[in-house]
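**Student:** Structure file coords.cif (mmCIF, C-alpha atoms) right here:
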```cif
data_entry
loop_
_atom_site.label_atom_id
_atom_site.label_comp_id
_atom_site.auth_asym_id
_atom_site.auth_seq_id
_atom_site.Cartn_x
_atom_site.Cartn_y
_atom_site.Cartn_z
CA MET F 1 7.84 30.06 -10.35
CA LEU F 2 7.35 26.46 -9.35
CA THR F 3 9.90 24.12 -10.92
CA LEU F 4 9.77 20.36 -10.85
CA THR F 5 12.43 17.77 -11.42
CA PRO F 6 11.65 15.27 -14.18
CA VAL F 7 10.68 12.64 -11.59
CA GLU F 8 8.41 15.07 -9.71
CA LEU F 9 6.79 16.06 -12.99
CA LEU F 10 6.24 12.39 -13.85
CA ASN F 11 4.71 11.72 -10.43
CA THR F 12 2.37 14.69 -10.57
CA THR F 13 1.36 14.11 -14.17
CA ALA F 14 0.65 10.43 -13.53
CA VAL F 15 -1.56 11.16 -10.53
CA VAL F 16 -3.46 13.97 -12.25
CA PHE F 17 -3.97 11.89 -15.38
CA VAL F 18 -5.21 8.85 -13.47
CA VAL F 19 -7.61 10.89 -11.33
CA ALA F 20 -8.93 12.89 -14.30
CA ILE F 21 -9.57 9.79 -16.41
CA SER F 22 -11.24 8.08 -13.48
CA VAL F 23 -13.56 11.02 -12.73
CA PHE F 24 -14.51 11.37 -16.39
CA THR F 25 -15.11 7.64 -16.74
CA GLY F 26 -17.05 7.46 -13.53
CA TYR F 27 -19.46 10.22 -14.49
CA THR F 28 -19.79 8.99 -18.09
CA ILE F 29 -20.63 5.48 -16.97
CA GLY F 30 -22.99 6.91 -14.38
CA LYS F 31 -24.93 8.87 -16.97
CA LYS F 32 -25.12 5.93 -19.39
CA GLN F 33 -26.41 3.73 -16.60
CA GLY F 34 -29.21 6.23 -16.08
CA ALA F 35 -28.27 7.31 -12.60
CA LYS F 36 -30.74 10.15 -12.18
CA LYS F 37 -30.37 11.41 -8.65
CA CYS F 38 -27.35 13.59 -7.93
CA ASP F 39 -26.48 11.64 -4.80
CA ASP F 40 -26.81 8.28 -6.63
CA LEU F 41 -24.57 9.62 -9.37
CA GLN F 42 -22.06 10.82 -6.81
CA VAL F 43 -21.99 7.46 -5.03
CA PHE F 44 -21.84 5.59 -8.34
CA ALA F 45 -19.08 7.88 -9.62
CA ASN F 46 -17.08 7.40 -6.43
CA GLN F 47 -17.44 3.64 -6.64
CA SER F 48 -16.72 3.59 -10.38
CA MET F 49 -13.79 5.93 -9.91
CA GLY F 50 -12.56 3.79 -7.07
CA SER F 51 -12.76 0.59 -9.12
CA TYR F 52 -11.29 2.18 -12.23
CA LEU F 53 -8.49 3.81 -10.29
CA ALA F 54 -7.78 0.53 -8.51
CA THR F 55 -7.54 -1.28 -11.86
CA ILE F 56 -5.13 1.28 -13.25
CA LEU F 57 -3.05 1.22 -10.09
CA HIS F 58 -2.82 -2.58 -10.17
CA HIS F 59 -1.48 -2.29 -13.71
CA LEU F 60 1.05 0.32 -12.64
CA ARG F 61 2.31 -2.01 -9.91
CA THR F 62 3.53 -4.59 -12.43
CA PRO F 63 6.11 -2.53 -14.37
CA LEU F 64 7.15 -0.80 -11.15
CA ALA F 65 7.73 -4.17 -9.49
CA GLY F 66 9.80 -5.29 -12.47
CA MET F 67 11.88 -2.11 -12.36
CA MET F 68 12.42 -2.53 -8.62
CA TRP F 69 13.59 -6.13 -9.06
CA SER F 70 15.89 -5.16 -11.89
CA LEU F 71 17.42 -2.16 -10.11
CA LYS F 72 18.03 -4.18 -6.97
CA GLU F 73 19.96 -6.74 -9.00
CA MET F 74 21.92 -4.02 -10.77
CA ARG F 75 22.81 -2.49 -7.41
CA LYS F 76 24.19 -5.81 -6.22
CA ASN F 77 26.35 -6.15 -9.32
CA THR F 78 27.75 -2.59 -9.41
CA PRO F 79 30.89 -1.60 -7.46
CA GLU F 80 29.85 0.24 -4.30
CA GLY F 81 30.80 3.89 -4.20
CA SER F 82 31.03 4.23 -7.98
CA GLU F 83 29.08 6.89 -9.84
CA SER F 84 26.96 4.19 -11.48
CA SER F 85 26.19 2.67 -8.12
CA GLU F 86 25.00 6.01 -6.76
CA ARG F 87 22.76 6.62 -9.77
CA ILE F 88 21.31 3.13 -9.58
CA THR F 89 20.66 3.60 -5.86
CA LYS F 90 18.90 6.89 -6.57
CA LEU F 91 16.80 5.27 -9.31
CA TYR F 92 15.93 2.41 -6.97
CA GLU F 93 14.87 4.82 -4.22
CA GLU F 94 12.73 6.80 -6.66
CA ASN F 95 11.15 3.58 -7.84
CA VAL F 96 10.35 2.56 -4.28
CA ARG F 97 8.86 6.02 -3.73
CA LEU F 98 6.69 5.66 -6.84
CA LEU F 99 5.51 2.28 -5.60
CA GLY F 100 4.69 3.93 -2.28
CA ILE F 101 2.59 6.52 -4.10
CA VAL F 102 0.74 3.75 -5.98
CA GLU F 103 0.13 1.84 -2.73
CA ASN F 104 -1.25 4.95 -1.02
CA LEU F 105 -3.48 5.79 -3.98
CA LEU F 106 -4.70 2.19 -4.04
CA ALA F 107 -5.53 2.33 -0.34
CA SER F 108 -7.28 5.65 -0.93
CA SER F 109 -9.32 4.32 -3.86
CA ARG F 110 -10.41 1.30 -1.81
CA ALA F 111 -11.35 3.56 1.08
CA SER F 112 -13.36 5.94 -1.12
CA SER F 113 -15.30 3.07 -2.70
CA GLY F 114 -15.97 1.39 0.63
CA ARG F 115 -13.64 -1.53 -0.02
CA ALA F 116 -11.00 -0.92 2.66
CA VAL F 117 -10.29 -4.12 4.58
CA TYR F 118 -10.00 -4.07 8.35
CA ASN F 119 -8.62 -6.55 10.84
CA PHE F 120 -10.30 -5.60 14.11
CA GLU F 121 -9.17 -7.33 17.28
CA THR F 122 -10.18 -6.88 20.88
CA THR F 123 -7.22 -5.63 22.82
CA ASN F 124 -6.61 -3.09 25.57
CA THR F 125 -5.54 0.54 25.71
CA SER F 126 -2.12 -0.32 27.08
CA VAL F 127 -1.29 -2.39 24.00
CA VAL F 128 -2.57 0.31 21.64
CA GLU F 129 -0.63 2.97 23.51
CA GLN F 130 2.57 0.92 23.31
CA GLN F 131 2.15 0.46 19.57
CA ILE F 132 1.65 4.22 19.12
CA LEU F 133 4.68 5.09 21.22
CA LYS F 134 6.77 2.52 19.35
CA GLY F 135 5.68 4.05 16.05
CA ILE F 136 6.54 7.56 17.23
CA SER F 137 9.91 6.37 18.47
CA GLU F 138 10.69 4.82 15.08
CA MET F 139 9.83 8.10 13.33
CA SER F 140 11.44 10.42 15.86
CA SER F 141 14.72 10.71 13.97
CA SER F 142 12.91 12.66 11.22
CA ALA F 143 12.11 15.33 13.81
CA TYR F 144 15.59 15.41 15.33
CA VAL F 145 17.21 15.72 11.92
CA LYS F 146 15.17 18.91 11.43
CA ASN F 147 16.06 20.15 14.91
CA ILE F 148 12.43 19.89 16.00
CA SER F 149 12.08 19.07 19.66
CA LEU F 150 9.78 16.17 20.46
CA ARG F 151 7.97 15.77 23.78
CA ILE F 152 5.83 12.79 24.66
CA GLU F 153 3.48 12.64 27.62
CA THR F 154 1.54 9.54 28.61
CA LEU F 155 -1.38 10.19 30.93
CA PRO F 156 -2.68 7.43 33.24
CA ILE F 157 -4.82 4.79 31.57
CA SER F 158 -7.01 2.09 33.06
CA ASN F 159 -6.08 -0.62 30.57
CA ARG F 160 -9.67 -0.94 29.39
CA GLY F 161 -10.72 -3.03 26.45
CA ILE F 162 -10.79 -1.52 22.97
CA ARG F 163 -11.51 -2.91 19.50
CA ALA F 164 -8.90 -1.78 17.03
CA ASP F 165 -7.11 -2.57 13.81
CA GLU F 166 -3.63 -1.81 15.11
CA GLU F 167 -2.11 -1.52 11.65
CA LYS F 168 -4.64 1.14 10.65
CA ILE F 169 -4.15 3.07 13.90
CA ILE F 170 -0.40 3.10 13.36
CA SER F 171 -1.05 4.36 9.84
CA VAL F 172 -3.07 7.26 11.29
CA VAL F 173 -0.30 8.08 13.77
CA GLN F 174 2.25 7.92 10.98
CA THR F 175 0.30 10.38 8.83
CA LEU F 176 -0.26 12.87 11.64
CA PHE F 177 3.35 12.71 12.84
CA GLU F 178 4.84 12.94 9.34
CA ASN F 179 2.66 16.00 8.62
CA ALA F 180 3.73 17.58 11.90
CA VAL F 181 7.40 17.15 10.97
CA ARG F 182 6.85 18.20 7.37
CA TYR F 183 5.10 21.47 8.16
CA THR F 184 7.11 22.57 11.21
CA GLU F 185 10.19 24.71 10.76
CA PRO F 186 13.56 23.77 12.29
CA GLY F 187 13.64 24.86 15.91
CA GLY F 188 9.95 24.14 16.31
CA ASN F 189 8.34 21.53 18.53
CA ILE F 190 5.97 18.57 18.45
CA PHE F 191 4.04 17.37 21.49
CA VAL F 192 2.43 13.92 21.62
CA THR F 193 0.04 12.87 24.35
CA THR F 194 -1.85 9.66 25.02
CA GLY F 195 -4.47 8.86 27.63
CA GLU F 196 -8.08 8.08 28.40
CA GLU F 197 -10.84 10.66 28.54
CA GLN F 198 -14.18 9.35 29.82
CA ALA F 199 -15.20 6.64 27.38
CA TYR F 200 -12.37 7.15 24.90
CA PHE F 201 -8.72 6.38 24.35
CA VAL F 202 -7.23 9.63 23.09
CA PHE F 203 -4.03 10.62 21.41
CA ARG F 204 -2.98 14.07 20.28
CA ILE F 205 -0.21 15.30 18.06
CA ALA F 206 0.43 19.04 18.35
CA ASP F 207 2.97 20.99 16.35
CA SER F 208 4.17 24.57 16.17
CA GLY F 209 4.06 24.49 12.39
CA MET F 210 2.53 26.71 9.77
CA GLY F 211 -1.08 25.84 10.56
CA ILE F 212 -4.09 25.41 8.28
CA PRO F 213 -5.70 28.43 6.58
CA GLU F 214 -9.11 29.28 8.03
CA ASP F 215 -10.96 29.10 4.71
CA GLU F 216 -9.58 25.63 3.95
CA LYS F 217 -10.21 23.91 7.27
CA GLY F 218 -13.50 22.44 6.08
CA LYS F 219 -11.79 20.53 3.28
CA ILE F 220 -8.76 19.16 5.09
CA PHE F 221 -10.06 15.58 5.19
CA THR F 222 -11.19 15.57 1.56
CA GLN F 223 -9.54 13.07 -0.76
CA PHE F 224 -6.76 14.64 -2.88
CA PHE F 225 -7.11 18.03 -1.13
CA ARG F 226 -4.03 19.89 0.07
CA ALA F 227 -4.13 23.32 1.66
CA GLU F 228 -2.60 26.08 -0.40
CA ASN F 229 0.22 26.77 2.05
CA ALA F 230 1.07 23.04 2.17
CA ARG F 231 1.22 22.85 -1.63
CA ARG F 232 3.44 25.90 -1.71
CA LYS F 233 5.81 24.60 0.95
CA ILE F 234 5.99 21.02 -0.31
CA PRO F 235 4.69 20.70 -3.89
CA ASP F 236 5.32 16.96 -3.91
CA GLY F 237 2.21 15.46 -2.33
CA TYR F 238 -1.20 14.17 -3.39
CA GLY F 239 -3.56 14.68 -0.49
CA VAL F 240 -4.63 11.20 0.59
CA GLY F 241 -3.04 10.94 4.05
CA LEU F 242 -5.66 12.79 6.11
CA PHE F 243 -8.50 11.36 3.99
CA LEU F 244 -7.29 7.85 4.83
CA ALA F 245 -6.70 8.79 8.48
CA LYS F 246 -10.31 9.96 8.83
CA THR F 247 -11.63 6.91 6.97
CA PHE F 248 -9.76 4.59 9.32
CA VAL F 249 -10.79 6.46 12.47
CA ASP F 250 -14.43 6.55 11.32
CA ALA F 251 -14.28 2.77 10.81
CA HIS F 252 -13.34 2.52 14.50
CA ASN F 253 -16.43 4.61 15.38
CA GLY F 254 -13.94 7.19 16.59
CA THR F 255 -13.42 10.85 15.83
CA ILE F 256 -10.54 12.85 14.44
CA SER F 257 -10.54 16.61 14.81
CA PHE F 258 -8.09 19.47 14.83
CA GLU F 259 -7.45 22.98 16.04
CA SER F 260 -5.14 25.20 14.10
CA ASN F 261 -3.57 28.62 14.35
CA LYS F 262 -4.40 28.90 18.01
CA GLY F 263 -0.97 28.23 19.55
CA ASN F 264 1.11 30.64 21.59
CA GLN F 265 2.77 31.97 18.50
CA GLY F 266 -0.53 32.22 16.64
CA HIS F 267 0.09 29.15 14.56
CA GLY F 268 0.46 25.42 14.90
CA THR F 269 -1.96 22.51 14.59
CA THR F 270 -3.20 19.94 17.07
CA PHE F 271 -4.87 16.79 15.83
CA THR F 272 -6.95 14.79 18.31
CA VAL F 273 -8.01 11.19 17.74
CA LYS F 274 -10.57 9.56 20.03
CA LEU F 275 -11.25 5.84 19.91
CA PRO F 276 -14.20 4.42 21.87
CA LEU F 277 -13.49 2.05 24.74
CA LEU F 278 -15.42 -1.16 25.24
CA PRO F 279 -18.00 -1.06 28.02
CA HIS F 280 -16.86 -2.22 31.44
CA ASP F 281 -17.45 -5.94 31.97
CA MET M 1 5.36 -38.56 -17.79
CA ASN M 2 8.87 -38.64 -16.36
CA ASP M 3 8.56 -37.42 -12.77
CA ASN M 4 12.28 -37.72 -12.04
CA ALA M 5 13.27 -35.47 -14.91
CA ASN M 6 10.81 -32.81 -13.74
CA GLU M 7 11.33 -33.30 -10.04
CA LYS M 8 12.81 -29.88 -9.50
CA LYS M 9 11.23 -28.06 -12.43
CA VAL M 10 9.33 -24.85 -11.85
CA ILE M 11 6.75 -23.58 -14.33
CA ILE M 12 6.15 -19.82 -14.41
CA VAL M 13 2.90 -18.51 -15.91
CA GLU M 14 3.28 -14.75 -16.33
CA ASP M 15 2.06 -12.61 -19.23
CA ASP M 16 4.42 -9.71 -18.51
CA ARG M 17 7.52 -10.71 -20.46
CA PHE M 18 9.84 -8.35 -18.57
CA LEU M 19 8.89 -9.80 -15.18
CA GLY M 20 8.80 -13.33 -16.53
CA ASP M 21 12.32 -13.06 -17.98
CA LEU M 22 13.72 -11.48 -14.80
CA LEU M 23 12.28 -14.22 -12.63
CA THR M 24 13.28 -17.03 -15.00
CA GLU M 25 16.85 -15.77 -15.20
CA HIS M 26 17.15 -15.33 -11.44
CA LEU M 27 15.80 -18.77 -10.61
CA LYS M 28 18.11 -20.36 -13.18
CA LYS M 29 21.09 -18.51 -11.65
CA ASN M 30 20.11 -20.19 -8.39
CA GLY M 31 20.26 -23.63 -9.96
CA ILE M 32 16.54 -24.11 -10.47
CA SER M 33 15.18 -25.56 -13.69
CA VAL M 34 12.50 -23.25 -15.07
CA GLU M 35 10.01 -23.26 -17.92
CA TYR M 36 8.36 -19.91 -18.76
CA CYS M 37 4.79 -19.78 -20.12
CA PRO M 38 3.28 -16.49 -21.33
CA ASP M 39 -0.33 -17.45 -20.65
CA ALA M 40 -2.51 -19.95 -18.79
CA LYS M 41 -3.33 -22.06 -21.90
CA VAL M 42 0.34 -22.75 -22.59
CA GLY M 43 0.92 -23.32 -18.86
CA LEU M 44 -1.87 -25.89 -18.73
CA GLU M 45 -0.46 -27.73 -21.77
CA LYS M 46 2.97 -27.90 -20.16
CA ILE M 47 1.52 -29.16 -16.88
CA HIS M 48 -0.45 -31.84 -18.71
CA GLN M 49 2.75 -32.96 -20.49
CA ALA M 50 4.68 -33.19 -17.22
CA VAL M 51 3.62 -32.01 -13.78
CA PRO M 52 6.35 -29.75 -12.39
CA ALA M 53 7.55 -29.50 -8.80
CA LEU M 54 6.07 -26.04 -8.40
CA LEU M 55 3.87 -23.59 -10.29
CA LEU M 56 4.42 -19.82 -10.03
CA LEU M 57 1.16 -18.33 -11.24
CA ASP M 58 0.11 -14.79 -12.08
CA LEU M 59 -3.61 -14.02 -11.82
CA LEU M 60 -4.29 -11.26 -14.36
CA LEU M 61 -3.69 -13.20 -17.57
CA PRO M 62 -5.16 -12.89 -21.08
CA ASP M 63 -8.07 -15.21 -21.97
CA MET M 64 -7.91 -17.78 -19.16
CA ASN M 65 -6.97 -16.01 -15.90
CA GLY M 66 -5.01 -17.49 -13.03
CA PHE M 67 -8.10 -18.34 -10.97
CA GLU M 68 -9.58 -20.25 -13.90
CA LEU M 69 -6.37 -22.20 -14.39
CA LEU M 70 -6.29 -23.01 -10.68
CA GLU M 71 -9.90 -24.19 -10.83
CA LYS M 72 -9.06 -26.49 -13.73
CA LEU M 73 -6.03 -27.90 -11.93
CA LYS M 74 -8.08 -28.47 -8.79
CA GLY M 75 -10.83 -30.13 -10.81
CA GLU M 76 -8.26 -32.48 -12.34
CA ASN M 77 -6.82 -33.24 -8.86
CA ILE M 78 -3.43 -31.90 -9.89
CA VAL M 79 -3.70 -29.25 -7.16
CA PRO M 80 -3.06 -29.32 -4.18
CA ALA M 81 -0.44 -32.06 -4.81
CA LEU M 82 1.24 -29.58 -7.16
CA PRO M 83 2.33 -26.65 -4.97
CA VAL M 84 1.20 -23.32 -6.39
CA ILE M 85 2.58 -19.92 -5.40
CA ILE M 86 0.45 -17.05 -6.64
CA LEU M 87 2.58 -14.13 -7.78
CA SER M 88 0.26 -11.24 -8.47
CA ASN M 89 -0.28 -7.54 -8.00
CA LEU M 90 -3.83 -8.16 -6.90
CA GLY M 91 -3.99 -8.47 -3.17
CA GLN M 92 -7.45 -7.89 -1.81
CA LYS M 93 -8.45 -10.19 1.03
CA SER M 94 -11.18 -11.77 -1.13
CA GLU M 95 -8.66 -12.54 -3.89
CA ILE M 96 -6.18 -14.10 -1.47
CA GLU M 97 -8.93 -16.16 0.16
CA ARG M 98 -10.17 -17.33 -3.22
CA ALA M 99 -6.70 -18.43 -4.30
CA MET M 100 -6.05 -20.28 -1.03
CA SER M 101 -9.44 -21.99 -1.19
CA LEU M 102 -8.51 -23.24 -4.66
CA GLY M 103 -5.41 -24.88 -3.20
CA ALA M 104 -2.68 -22.26 -3.61
CA ARG M 105 0.17 -22.72 -1.14
CA ASP M 106 1.14 -19.06 -0.87
CA PHE M 107 0.14 -15.64 -2.23
CA LEU M 108 2.89 -13.09 -2.94
CA ILE M 109 2.23 -9.54 -4.05
CA LYS M 110 4.93 -8.78 -6.63
CA ALA M 111 5.43 -5.18 -5.55
CA HIS M 112 6.09 -6.29 -1.95
CA PHE M 113 8.79 -8.86 -2.72
CA ASP M 114 12.08 -8.97 -4.58
CA LEU M 115 13.75 -11.69 -6.64
CA ASP M 116 15.81 -13.02 -3.72
CA SER M 117 12.86 -13.41 -1.39
CA ILE M 118 10.74 -15.07 -4.10
CA THR M 119 13.62 -17.45 -4.84
CA GLU M 120 13.87 -18.32 -1.13
CA LYS M 121 10.17 -19.18 -1.06
CA VAL M 122 10.60 -21.37 -4.14
CA LYS M 123 13.60 -23.16 -2.60
CA GLU M 124 11.67 -23.75 0.63
CA ILE M 125 8.86 -25.50 -1.20
CA LEU M 126 11.18 -27.47 -3.49
CA LYS M 127 13.08 -28.76 -0.43
CA GLY M 128 9.85 -29.99 1.14
#
```
Spell out the structure here as structure tokens.

**Tutor:**
Amino acid sequence: MLTLTPVELLNTTAVVFVVAISVFTGYTIGKKQGAKKCDDLQVFANQSMGSYLATILHHLRTPLAGMMWSLKEMRKNTPEGSESSERITKLYEENVRLLGIVENLLASSRASSGRAVYNFETTNTSVVEQQILKGISEMSSSAYVKNISLRIETLPISNRGIRADEEKIISVVQTLFENAVRYTEPGGNIFVTTGEEQAYFVFRIADSGMGIPEDEKGKIFTQFFRAENARRKIPDGYGVGLFLAKTFVDAHNGTISFESNKGNQGHGTTFTVKLPLLPHD
Amino acid sequence: MNDNANEKKVIIVEDDRFLGDLLTEHLKKNGISVEYCPDAKVGLEKIHQAVPALLLLDLLLPDMNGFELLEKLKGENIVPALPVIILSNLGQKSEIERAMSLGARDFLIKAHFDLDSITEKVKEILKG
């Protein structure tokens, strides 16, 4: 039987409540506005849900910010190492985590209603590759702590021009790497490669983890969807990471795809991201 | 209007009492004179009585919102001479651009900052 701590229950309940209210409101407003076509209603509902969800999330940010400020001050004024100090630290960390959930849901709601903001710059593949490798390096301890071996291979690149929002690309890498660590057992392995393939800059993150069930592969990039085996293994999650990753890659006119359950041991997932290069001068 | 008396005074316009009290208390602990206003109408009255050294302004406020207050202050030529730091949980690019075009000096998203870093920003502007 699945059991949740009080904080996990609060998180899950808050997310479910917000999404349910938003969907109901979106469809109700859509019907009142006379949206007749199913696709119009769907688009309208998504946009309404996105706006309504964004409004609610903005309002959640305020009390959470106040709690974070307050807890940080309490931490400063409590003797280090005391029981109170440890509890306050735990509360502070949970608060930061809740804020992180709100930020992710906000980003997701903006993405689903077409309001994500991008900062595209013309750069080159070498710079993008360095940023990716730096990001992986910063996250690598999470793999080592789980005794997951990490291998990185950089294939030759020609330093061609590419238009990219580096922050969004790092966000994609972060999501794929965190998932790889999350769903790979201790003793497993993760393999990261970067390089150029024809007219694309390509990076891959392959793991030897539990894989994605065949009948759920078609939904893996859907907002708020989590595969059944992922929910069972780690109940605490809300399914926006891959949705956002695909949204960001699509905005780059790139592609994100995956293969799963085809590794040597019959399982494991490889995500491949391709970003288009600028034409030769 | 006694400019000397209000030289280092900060006015906070914030409808969330919890946040407003936290910020007021923290700034006062750091030696900064603060007046707290729970909405834009009260804030505007206080500014008309005596222009402070800095305005910390929330955007989502009852009745008159922060943008509307900023528009009024700009129309009365009080801003940009009066430095304004927006302290809000809105943070879309369009909102930030709108605030800056109305003369705001800085835009801080509450959830991304803490009391110490906000106080540092306030001190920086008061020094200048």

**Student:** Run through the PyMOL selection byres ((chain M) within 7 of (chain F)) on the given coordinates and return the selected residues as a PDB file with C-alpha atoms, in the coordinates of the input.

**Tutor:**
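Writing the result to result.pdb gives the following:
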```
ATOM      1  CA  PHE M  18       9.840  -8.350 -18.570  1.00  0.00           C
ATOM      2  CA  LEU M  19       8.890  -9.800 -15.180  1.00  0.00           C
ATOM      3  CA  ASN M  89      -0.280  -7.540  -8.000  1.00  0.00           C
ATOM      4  CA  LEU M  90      -3.830  -8.160  -6.900  1.00  0.00           C
ATOM      5  CA  LYS M 110       4.930  -8.780  -6.630  1.00  0.00           C
ATOM      6  CA  ALA M 111       5.430  -5.180  -5.550  1.00  0.00           C
ATOM      7  CA  ASP M 114      12.080  -8.970  -4.580  1.00  0.00           C
ATOM      8  CA  LEU M 115      13.750 -11.690  -6.640  1.00  0.00           C
TER       9      LEU M 115
END
```

**Student:** Show me, as JSON lines, the residues of segment 210-269 of chain F having an atom within 12 Å of segment 154-169 of chain F, each with the closest atom pair and its distance in Å, using all atoms listed in the file.

**Tutor:**
```
{"residue": "F:Gly241", "atom": "CA", "partner": "F:Lys168", "partner_atom": "CA", "distance": 11.9}
{"residue": "F:Leu244", "atom": "CA", "partner": "F:Lys168", "partner_atom": "CA", "distance": 9.3}
{"residue": "F:Ala245", "atom": "CA", "partner": "F:Lys168", "partner_atom": "CA", "distance": 8.2}
{"residue": "F:Lys246", "atom": "CA", "partner": "F:Ile169", "partner_atom": "CA", "distance": 10.5}
{"residue": "F:Thr247", "atom": "CA", "partner": "F:Lys168", "partner_atom": "CA", "distance": 9.8}
{"residue": "F:Phe248", "atom": "CA", "partner": "F:Lys168", "partner_atom": "CA", "distance": 6.3}
{"residue": "F:Val249", "atom": "CA", "partner": "F:Ile169", "partner_atom": "CA", "distance": 7.6}
{"residue": "F:Asp250", "atom": "CA", "partner": "F:Ile169", "partner_atom": "CA", "distance": 11.2}
{"residue": "F:Ala251", "atom": "CA", "partner": "F:Ala164", "partner_atom": "CA", "distance": 9.4}
{"residue": "F:His252", "atom": "CA", "partner": "F:Ala164", "partner_atom": "CA", "distance": 6.7}
{"residue": "F:Asn253", "atom": "CA", "partner": "F:Arg163", "partner_atom": "CA", "distance": 9.9}
{"residue": "F:Gly254", "atom": "CA", "partner": "F:Ala164", "partner_atom": "CA", "distance": 10.3}
{"residue": "F:Ile256", "atom": "CA", "partner": "F:Ile169", "partner_atom": "CA", "distance": 11.7}
```

**Student:** Can you tell me how far atom CA of Val122 of chain M sits from atom CA of Thr89 of chain F, in Å to one decimal?

**Tutor:** 27.0 Å

**Student:** Could you list the residues chosen by the PyMOL selection byres ((chain F and resi 222-230) around 9) in this structure as a VMD selection string?

**Tutor:** chain F and resid 108 112 183 210 to 213 216 to 221 231 to 235 237 to 244

**Student:** Applied to the shown file, which residues does the PyMOL selection byres ((chain M and resi 35-40) around 9) return, written as an MDAnalysis selection string?

**Tutor:** chainID M and resid 9:17 20:21 24 33:34 41:46 57:58 61:66 68:69

**Student:** Could you write out the selected residues, including C-alpha atoms, as a compact mmCIF listing (two decimals), in the coordinates of the input?

**Tutor:**
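And here's again-v2.txt as it stands now:
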```txt
# COMPACT_ATOMS: atom_id res chain seq x y z
CA LYS M 9 11.23 -28.06 -12.43
CA VAL M 10 9.33 -24.85 -11.85
CA ILE M 11 6.75 -23.58 -14.33
CA ILE M 12 6.15 -19.82 -14.41
CA VAL M 13 2.90 -18.51 -15.91
CA GLU M 14 3.28 -14.75 -16.33
CA ASP M 15 2.06 -12.61 -19.23
CA ASP M 16 4.42 -9.71 -18.51
CA ARG M 17 7.52 -10.71 -20.46
CA GLY M 20 8.80 -13.33 -16.53
CA ASP M 21 12.32 -13.06 -17.98
CA THR M 24 13.28 -17.03 -15.00
CA SER M 33 15.18 -25.56 -13.69
CA VAL M 34 12.50 -23.25 -15.07
CA LYS M 41 -3.33 -22.06 -21.90
CA VAL M 42 0.34 -22.75 -22.59
CA GLY M 43 0.92 -23.32 -18.86
CA LEU M 44 -1.87 -25.89 -18.73
CA GLU M 45 -0.46 -27.73 -21.77
CA LYS M 46 2.97 -27.90 -20.16
CA LEU M 57 1.16 -18.33 -11.24
CA ASP M 58 0.11 -14.79 -12.08
CA LEU M 61 -3.69 -13.20 -17.57
CA PRO M 62 -5.16 -12.89 -21.08
CA ASP M 63 -8.07 -15.21 -21.97
CA MET M 64 -7.91 -17.78 -19.16
CA ASN M 65 -6.97 -16.01 -15.90
CA GLY M 66 -5.01 -17.49 -13.03
CA GLU M 68 -9.58 -20.25 -13.90
CA LEU M 69 -6.37 -22.20 -14.39
```
